[in-house]
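**Student:** work.txt (compact mmCIF, C-alpha atoms and all ligand atoms) pasted underneath:
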```
# COMPACT_ATOMS: atom_id res chain seq x y z
CA MET A 1 62.00 88.92 51.15
CA GLN A 2 59.29 88.08 53.68
CA LYS A 3 59.71 89.91 57.02
CA ASP A 4 57.26 87.89 59.17
CA PHE A 5 55.91 84.35 59.54
CA LEU A 6 52.25 84.72 60.54
CA SER A 7 50.33 82.27 58.40
CA ILE A 8 51.17 79.49 55.94
CA ILE A 9 48.49 80.64 53.49
CA ASP A 10 50.31 83.97 53.04
CA CYS A 11 53.72 82.37 52.34
CA PRO A 12 54.84 81.53 48.81
CA ALA A 13 55.18 77.75 48.31
CA GLU A 14 58.84 78.28 47.27
CA LEU A 15 59.63 79.85 50.66
CA LEU A 16 57.93 76.99 52.51
CA GLU A 17 59.90 74.44 50.44
CA GLU A 18 63.14 76.34 51.13
CA LEU A 19 62.38 76.36 54.88
CA LEU A 20 61.82 72.59 54.86
CA GLU A 21 65.10 71.99 53.06
CA LEU A 22 66.95 74.32 55.42
CA ALA A 23 65.34 72.57 58.42
CA ALA A 24 66.52 69.17 57.15
CA SER A 25 70.06 70.40 56.49
CA LEU A 26 70.36 72.15 59.87
CA LYS A 27 68.95 69.02 61.55
CA SER A 28 71.68 66.87 60.05
CA LEU A 29 74.34 69.50 60.83
CA TYR A 30 73.35 69.61 64.51
CA LYS A 31 72.90 65.82 64.76
CA GLY A 32 76.45 65.57 63.40
CA GLY A 33 77.71 67.72 66.27
CA SER A 34 78.39 70.90 64.26
CA ARG A 35 76.82 74.32 64.79
CA ASP A 36 75.84 77.31 62.70
CA LEU A 37 76.32 80.47 64.75
CA CYS A 38 74.54 82.73 62.25
CA LEU A 39 72.56 84.53 64.98
CA ALA A 40 75.53 85.42 67.24
CA GLY A 41 74.74 88.66 69.05
CA LYS A 42 71.05 88.57 68.09
CA VAL A 43 68.15 88.52 70.55
CA LEU A 44 64.62 87.11 70.20
CA ALA A 45 61.81 88.37 72.47
CA MET A 46 59.31 85.57 73.20
CA LEU A 47 55.92 86.92 74.22
CA PHE A 48 53.47 84.38 75.69
CA GLU A 49 49.81 85.07 76.58
CA LYS A 50 49.21 81.30 76.96
CA PRO A 51 51.15 78.38 78.46
CA SER A 52 53.68 76.41 76.44
CA LEU A 53 56.18 73.60 76.79
CA ARG A 54 57.26 72.75 73.24
CA THR A 55 57.14 76.22 71.69
CA ARG A 56 58.87 78.02 74.53
CA ILE A 57 61.68 75.52 75.00
CA SER A 58 62.27 74.77 71.31
CA PHE A 59 62.48 78.46 70.34
CA HIS A 60 64.80 79.17 73.26
CA VAL A 61 67.05 76.22 72.40
CA GLY A 62 66.88 77.11 68.69
CA MET A 63 68.08 80.66 69.36
CA THR A 64 70.86 79.43 71.66
CA ASP A 65 71.92 76.80 69.10
CA LEU A 66 72.34 79.52 66.49
CA GLY A 67 74.49 81.62 68.84
CA GLY A 68 71.76 84.07 69.87
CA GLU A 69 69.72 84.71 72.99
CA ALA A 70 66.04 84.60 73.89
CA ILE A 71 64.08 86.65 76.43
CA TYR A 72 60.82 85.19 77.81
CA VAL A 73 58.14 87.85 78.33
CA LYS A 74 54.85 87.19 80.17
CA PRO A 75 52.00 89.65 79.63
CA GLU A 76 51.98 90.51 83.35
CA ASP A 77 55.65 91.59 83.09
CA ILE A 78 54.67 94.32 80.65
CA GLY A 79 51.21 95.17 81.98
CA GLY A 80 49.27 93.03 79.54
CA ILE A 81 49.21 93.02 75.76
CA GLY A 82 47.56 96.17 74.41
CA LYS A 83 46.53 97.20 77.95
CA ARG A 84 49.37 99.26 79.44
CA GLU A 85 50.17 100.63 76.00
CA PRO A 86 48.92 100.11 72.45
CA ILE A 87 50.23 97.16 70.44
CA LYS A 88 51.60 99.58 67.84
CA ASP A 89 53.82 101.17 70.49
CA MET A 90 54.92 97.78 71.80
CA GLY A 91 55.99 96.72 68.30
CA ARG A 92 58.03 99.86 67.79
CA VAL A 93 59.71 99.70 71.19
CA PHE A 94 60.55 95.96 70.92
CA SER A 95 62.11 96.73 67.52
CA ARG A 96 64.55 99.16 69.16
CA TYR A 97 65.91 96.43 71.47
CA VAL A 98 65.63 93.02 69.84
CA ASP A 99 66.18 91.45 66.43
CA GLY A 100 63.00 89.36 66.33
CA ILE A 101 59.70 88.84 68.15
CA MET A 102 57.93 85.54 68.65
CA ALA A 103 54.39 85.83 70.01
CA ARG A 104 51.73 83.40 71.26
CA THR A 105 48.47 85.29 71.70
CA PHE A 106 44.75 84.70 71.91
CA ASP A 107 43.69 87.14 69.21
CA HIS A 108 45.32 86.65 65.79
CA ASP A 109 45.04 90.42 65.22
CA THR A 110 47.62 90.90 67.97
CA VAL A 111 50.38 89.22 65.93
CA ILE A 112 49.23 91.09 62.83
CA GLY A 113 49.38 94.39 64.75
CA LEU A 114 52.83 93.60 66.13
CA ALA A 115 54.08 92.72 62.65
CA GLU A 116 52.67 95.90 61.12
CA HIS A 117 54.36 98.09 63.69
CA SER A 118 57.69 96.26 64.11
CA SER A 119 60.71 96.72 61.92
CA VAL A 120 61.99 93.30 63.03
CA PRO A 121 60.51 89.89 62.05
CA VAL A 122 57.44 88.68 63.94
CA ILE A 123 56.72 84.94 64.25
CA ASN A 124 53.27 83.52 65.09
CA ALA A 125 53.84 80.94 67.83
CA LEU A 126 50.09 80.07 68.00
CA THR A 127 47.01 82.22 68.05
CA ASP A 128 43.37 81.19 68.39
CA TRP A 129 43.32 81.19 64.57
CA SER A 130 46.48 79.33 63.55
CA HIS A 131 49.67 77.50 64.51
CA PRO A 132 51.94 77.66 61.47
CA CYS A 133 55.20 76.53 63.14
CA GLN A 134 53.42 73.36 64.27
CA ALA A 135 52.09 72.55 60.80
CA MET A 136 55.50 73.11 59.17
CA ALA A 137 57.18 70.80 61.71
CA ASP A 138 54.42 68.30 60.95
CA VAL A 139 55.07 68.45 57.19
CA LEU A 140 58.78 67.88 57.88
CA THR A 141 57.87 64.84 60.00
CA ILE A 142 55.53 63.42 57.35
CA LYS A 143 58.25 63.82 54.70
CA GLU A 144 60.78 62.01 56.88
CA HIS A 145 58.47 59.09 57.61
CA LEU A 146 56.65 58.68 54.28
CA GLY A 147 59.41 59.92 51.97
CA ARG A 148 57.01 62.33 50.25
CA ILE A 149 54.48 65.05 50.94
CA GLU A 150 52.62 65.48 47.67
CA GLY A 151 49.55 63.24 47.54
CA VAL A 152 49.80 62.17 51.20
CA ARG A 153 46.33 61.50 52.63
CA LEU A 154 46.07 63.24 55.98
CA THR A 155 42.92 62.68 58.01
CA TYR A 156 42.48 65.09 60.91
CA VAL A 157 39.95 63.77 63.45
CA GLY A 158 38.68 66.31 65.97
CA ASP A 159 38.15 70.02 66.41
CA GLY A 160 38.38 72.38 63.42
CA ASN A 161 40.77 74.58 65.39
CA ASN A 162 43.99 76.56 64.95
CA VAL A 163 46.09 73.43 64.33
CA ALA A 164 43.57 72.03 61.83
CA ARG A 165 43.52 75.37 59.97
CA SER A 166 47.30 75.53 59.63
CA LEU A 167 47.37 71.91 58.46
CA ALA A 168 44.70 72.75 55.87
CA PHE A 169 46.83 75.63 54.56
CA ALA A 170 49.93 73.40 54.57
CA SER A 171 48.00 70.72 52.66
CA SER A 172 47.09 73.22 49.96
CA LYS A 173 50.67 74.50 49.63
CA PHE A 174 52.32 71.07 49.64
CA GLY A 175 49.71 69.06 47.71
CA MET A 176 48.48 66.81 50.52
CA LYS A 177 44.89 65.53 50.53
CA MET A 178 43.38 66.43 53.89
CA ILE A 179 40.05 65.31 55.30
CA VAL A 180 38.85 67.08 58.43
CA ALA A 181 36.49 64.78 60.35
CA ALA A 182 34.73 66.87 62.98
CA PRO A 183 31.35 66.73 64.71
CA ALA A 184 28.69 69.01 63.27
CA GLY A 185 29.34 72.56 64.48
CA TYR A 186 33.10 71.99 64.96
CA GLU A 187 34.17 71.92 61.30
CA LEU A 188 36.66 74.38 59.83
CA ASP A 189 34.95 77.58 58.66
CA SER A 190 34.05 77.83 55.00
CA GLN A 191 36.45 80.72 54.38
CA THR A 192 39.40 78.57 55.45
CA ILE A 193 38.29 75.76 53.14
CA GLU A 194 37.81 78.19 50.24
CA ARG A 195 41.23 79.75 50.79
CA ALA A 196 42.94 76.35 50.98
CA ASN A 197 41.15 74.95 47.96
CA GLY A 198 41.75 78.22 46.12
CA VAL A 199 45.49 77.43 46.17
CA ARG A 200 44.95 73.87 44.95
CA ALA A 201 41.47 72.50 44.29
CA GLY A 202 40.48 69.47 46.35
CA SER A 203 43.17 69.93 49.03
CA VAL A 204 40.74 69.88 51.95
CA GLU A 205 37.43 68.08 52.40
CA GLN A 206 35.23 67.86 55.48
CA SER A 207 33.30 64.94 56.92
CA ASN A 208 31.27 64.14 60.02
CA ASP A 209 32.14 60.44 59.80
CA PRO A 210 35.56 59.59 61.26
CA ARG A 211 35.48 55.90 60.18
CA SER A 212 35.00 56.62 56.50
CA ALA A 213 37.40 59.60 56.73
CA VAL A 214 40.29 57.37 57.90
CA SER A 215 39.57 54.51 55.47
CA GLN A 216 42.31 55.59 53.03
CA ALA A 217 44.48 57.65 55.36
CA ASP A 218 48.29 57.61 55.36
CA VAL A 219 48.24 59.72 58.52
CA ILE A 220 45.65 60.20 61.28
CA TYR A 221 46.13 63.44 63.19
CA THR A 222 44.30 64.73 66.24
CA ASP A 223 44.49 67.60 68.74
CA THR A 224 42.76 68.47 72.00
CA TRP A 225 38.99 68.99 72.00
CA VAL A 226 39.46 71.88 74.45
CA SER A 227 41.99 74.46 73.29
CA MET A 228 43.62 77.01 75.57
CA GLY A 229 40.98 79.60 76.44
CA GLN A 230 38.04 77.17 75.99
CA GLU A 231 38.27 75.54 79.43
CA ASP A 232 34.75 76.70 80.37
CA GLU A 233 33.31 74.70 77.44
CA LYS A 234 34.98 71.45 78.48
CA ALA A 235 31.89 69.47 79.55
CA LYS A 236 29.94 70.37 76.42
CA ARG A 237 32.85 69.69 74.14
CA VAL A 238 33.64 66.29 75.67
CA ALA A 239 29.99 65.32 75.09
CA ASP A 240 29.90 66.72 71.55
CA PHE A 241 33.09 64.92 70.49
CA GLU A 242 31.83 61.47 71.47
CA GLY A 243 32.72 59.04 68.68
CA PHE A 244 35.67 61.18 67.52
CA GLN A 245 38.34 59.64 69.76
CA VAL A 246 41.42 58.29 68.00
CA ASN A 247 41.45 54.81 69.53
CA ALA A 248 42.45 51.30 68.41
CA ASP A 249 39.04 50.72 66.86
CA LEU A 250 39.29 53.83 64.66
CA VAL A 251 42.92 53.08 63.74
CA GLY A 252 41.70 49.58 62.74
CA ALA A 253 39.41 51.21 60.15
CA ALA A 254 42.47 52.81 58.46
CA PRO A 255 45.02 51.11 56.18
CA LYS A 256 47.64 49.05 58.01
CA GLY A 257 50.71 51.10 58.96
CA VAL A 258 48.82 54.39 59.19
CA LYS A 259 50.93 56.96 61.07
CA ILE A 260 49.52 58.64 64.16
CA MET A 261 50.16 62.32 64.83
CA HIS A 262 49.24 64.77 67.60
CA CYS A 263 50.71 68.24 68.13
CA LEU A 264 50.68 67.73 71.95
CA PRO A 265 49.80 68.38 74.70
CA ALA A 266 47.50 65.33 74.53
CA LYS A 267 44.61 64.62 76.86
CA ARG A 268 44.87 60.85 76.87
CA GLY A 269 41.50 59.18 77.26
CA TYR A 270 39.76 62.05 75.45
CA GLU A 271 40.86 62.81 71.86
CA ILE A 272 43.38 59.95 71.82
CA THR A 273 43.93 56.83 73.90
CA ASP A 274 47.10 55.95 75.73
CA GLU A 275 47.37 52.79 73.59
CA VAL A 276 47.33 54.69 70.28
CA THR A 277 49.69 57.39 71.55
CA GLU A 278 52.25 54.68 72.38
CA MET A 279 51.80 52.42 69.34
CA ALA A 280 54.75 51.71 67.04
CA ASP A 281 53.30 53.80 64.20
CA SER A 282 52.87 56.85 66.43
CA ILE A 283 55.28 59.58 65.26
CA ILE A 284 54.09 62.06 67.86
CA PHE A 285 57.44 62.59 69.58
CA ASP A 286 59.26 63.01 66.25
CA GLN A 287 56.79 65.82 65.57
CA ALA A 288 57.65 67.43 68.88
CA GLU A 289 61.39 67.18 68.11
CA ASN A 290 60.91 68.66 64.66
CA ARG A 291 59.51 71.87 66.16
CA LEU A 292 63.13 72.62 67.10
CA HIS A 293 64.52 71.72 63.68
CA PHE A 294 61.93 73.69 61.73
CA GLN A 295 62.18 76.74 63.96
CA ARG A 296 65.99 76.85 63.74
CA ALA A 297 65.55 77.14 59.98
CA LEU A 298 62.87 79.81 60.37
CA LEU A 299 64.99 81.87 62.78
CA LYS A 300 67.98 81.66 60.44
CA LYS A 301 65.92 82.63 57.38
CA LEU A 302 64.20 85.60 59.04
CA MET A 303 66.89 86.91 61.38
CA ALA A 304 70.37 86.07 60.00
N1 LIG A 401 52.39 71.90 70.31
C1 LIG A 401 52.63 73.02 71.02
O1 LIG A 401 52.62 74.15 70.50
O2 LIG A 401 52.92 72.80 72.33
P1 LIG A 401 53.07 73.91 73.48
O3 LIG A 401 51.70 74.50 73.69
O4 LIG A 401 53.56 73.16 74.67
O5 LIG A 401 54.03 74.95 73.01
N1 LIG A 402 44.62 73.63 69.74
C1 LIG A 402 45.52 73.68 70.87
C2 LIG A 402 46.92 73.53 70.40
C3 LIG A 402 47.97 73.51 71.48
C4 LIG A 402 49.35 73.41 70.96
C5 LIG A 402 45.32 74.97 71.64
O1 LIG A 402 45.20 76.03 71.01
O2 LIG A 402 45.29 74.92 72.87
```
For this file, write the structure as structure tokens.
Ligand code: CP
Ligand code: NVA
**Tutor:**
Amino acid sequence: MQKDFLSIIDCPAELLEELLELAASLKSLYKGGSRDLCLAGKVLAMLFEKPSLRTRISFHVGMTDLGGEAIYVKPEDIGGIGKREPIKDMGRVFSRYVDGIMARTFDHDTVIGLAEHSSVPVINALTDWSHPCQAMADVLTIKEHLGRIEGVRLTYVGDGNNVARSLAFASSKFGMKMIVAAPAGYELDSQTIERANGVRAGSVEQSNDPRSAVSQADVIYTDTWVSMGQEDEKAKRVADFEGFQVNADLVGAAPKGVKIMHCLPAKRGYEITDEVTEMADSIIFDQAENRLHFQRALLKKLMA
């Protein structure tokens, strides 16, 4: 039994499949007005080094839905992460009070350290390296809209960042065909590509040409060019990503009916236009909703 959820690449495919099925069944249970109070009396600590709308609210609501409680912890409340006391002490102390820890941190090693030194489950709620809860909610959304996952052609246009990396790992585990179209210097690192393609050969390819990359896409996905913590690089990044905007022209180079995805928050007018965000084939807000449905399943699986 897996204690933590830190990275999709480290999870067995069977567990990921089980989580998707559980997410779908809990979604229909809750849509039908019923509840599953499997976490009654349990508490989740939610540690955030970065801002959040979706992750914070959906985890809080997910815990409450399952009969439990969530505590929001800002680094300044506890004197910083790894500053007032070592991460290994934090993990052990949290484990004496709560039944699970969810953490959004800059450094991926922080969630690894917490997991190593906690006896309770630790969930990665985004690090600079990955965003596994987002990618799993995205796979759930793709399955709902396309009726399948295996063989789906997912073209990610933009920065080879944490979201792109988790999607690459999800593609390898679920048999999607992903193309990452990024400007030179912003591609996913070669180790990520090797690890993804080591699970299933040919899962992830890279390109510097967004038009050819979308030409056979079932889904076009993008994310911000300036991730949290990169604000000082904004001017350079906006210049470097010229030609990589998901706009009506680029969508026109893809097959008709291509679905549009974005993890949000979106910077309209930069990585995506207002027009494309709002088009009928945009499934962006279903993605946002599915964060809640996936995470309910994750909380139940790890903490019940
Ligand atoms: N997509 C996502 O994780 O959004 P937040 O940063 O608002 O949590
Ligand atoms: N890549 C973005 C994702 C936000 C959900 C960031 O890290 O800021």
**Student:** Would you mind listing what lies within 9 Å of Asn124 of chain A as a PyMOL selection string, with all atoms listed in the file counted and same-chain residues fewer than 2 positions away left out?
**Tutor:** chain A and resi 4-7+101-105+108+111-112+122+126-127+130-133
**Student:** Please, what distance in Å, to one decimal, runs between atom CA of Ile260 of chain A and atom CA of Ile283 of chain A?
**Tutor:**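 Those two atoms sit 5.9 Å apart.
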**Student:** Would you name the residues within 12 Å of ligand LIG 402 (chain A), counting all atoms listed in the file, and put them as number ranges by chain?
**Tutor:** A: 49-56, 104-108, 125-135, 158-167, 222-231, 262-267, 271, 287-288, 291
**Student:** Would you pick out the contacts of segment 59-65 of chain A at 8 Å or less, using all atoms listed in the file, so that residues sharing its chain but fewer than 2 positions from it are not included, and give the list as a PyMOL selection string?
**Tutor:** chain A and resi 35-37+39+43-44+55-57+67-70+292-293+295-296+299
**Student:** Restricting the calculation to all atoms listed in the file: of A:Ile87, A:Leu302, A:Met46, A:Ala23, which residue gets closest to ligand LIG 401 (chain A)?
**Tutor:** A:Met46
**Student:** Measuring between all atoms listed in the file, which one of A:Leu47, A:Ala170, A:Ile81, A:Val246 shows the shortest distance to Ser203 of chain A?
**Tutor:** A:Ala170
**Student:** Please compute the atom CA of Ala196 of chain A-atom CA of Cys11 of chain A distance, one decimal, in Å.
**Tutor:**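 The value is 12.4 Å.
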**Student:** For Glu144 of chain A, please output as a count of residues only all residues within 12 Å (counting all atoms listed in the file; exclusion window: fewer than 3 positions along the same chain).
**Tutor:** 18
**Student:** Pick the closest to ligand LIG 401 (chain A) from A:Thr273, A:Ser58, A:Ser28, A:Gln216: which is it, counting all atoms listed in the file?
**Tutor:**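 Going through A:Thr273, A:Ser58, A:Ser28, A:Gln216 one by one, the smallest distance to ligand LIG 401 (chain A) is for A:Ser58.
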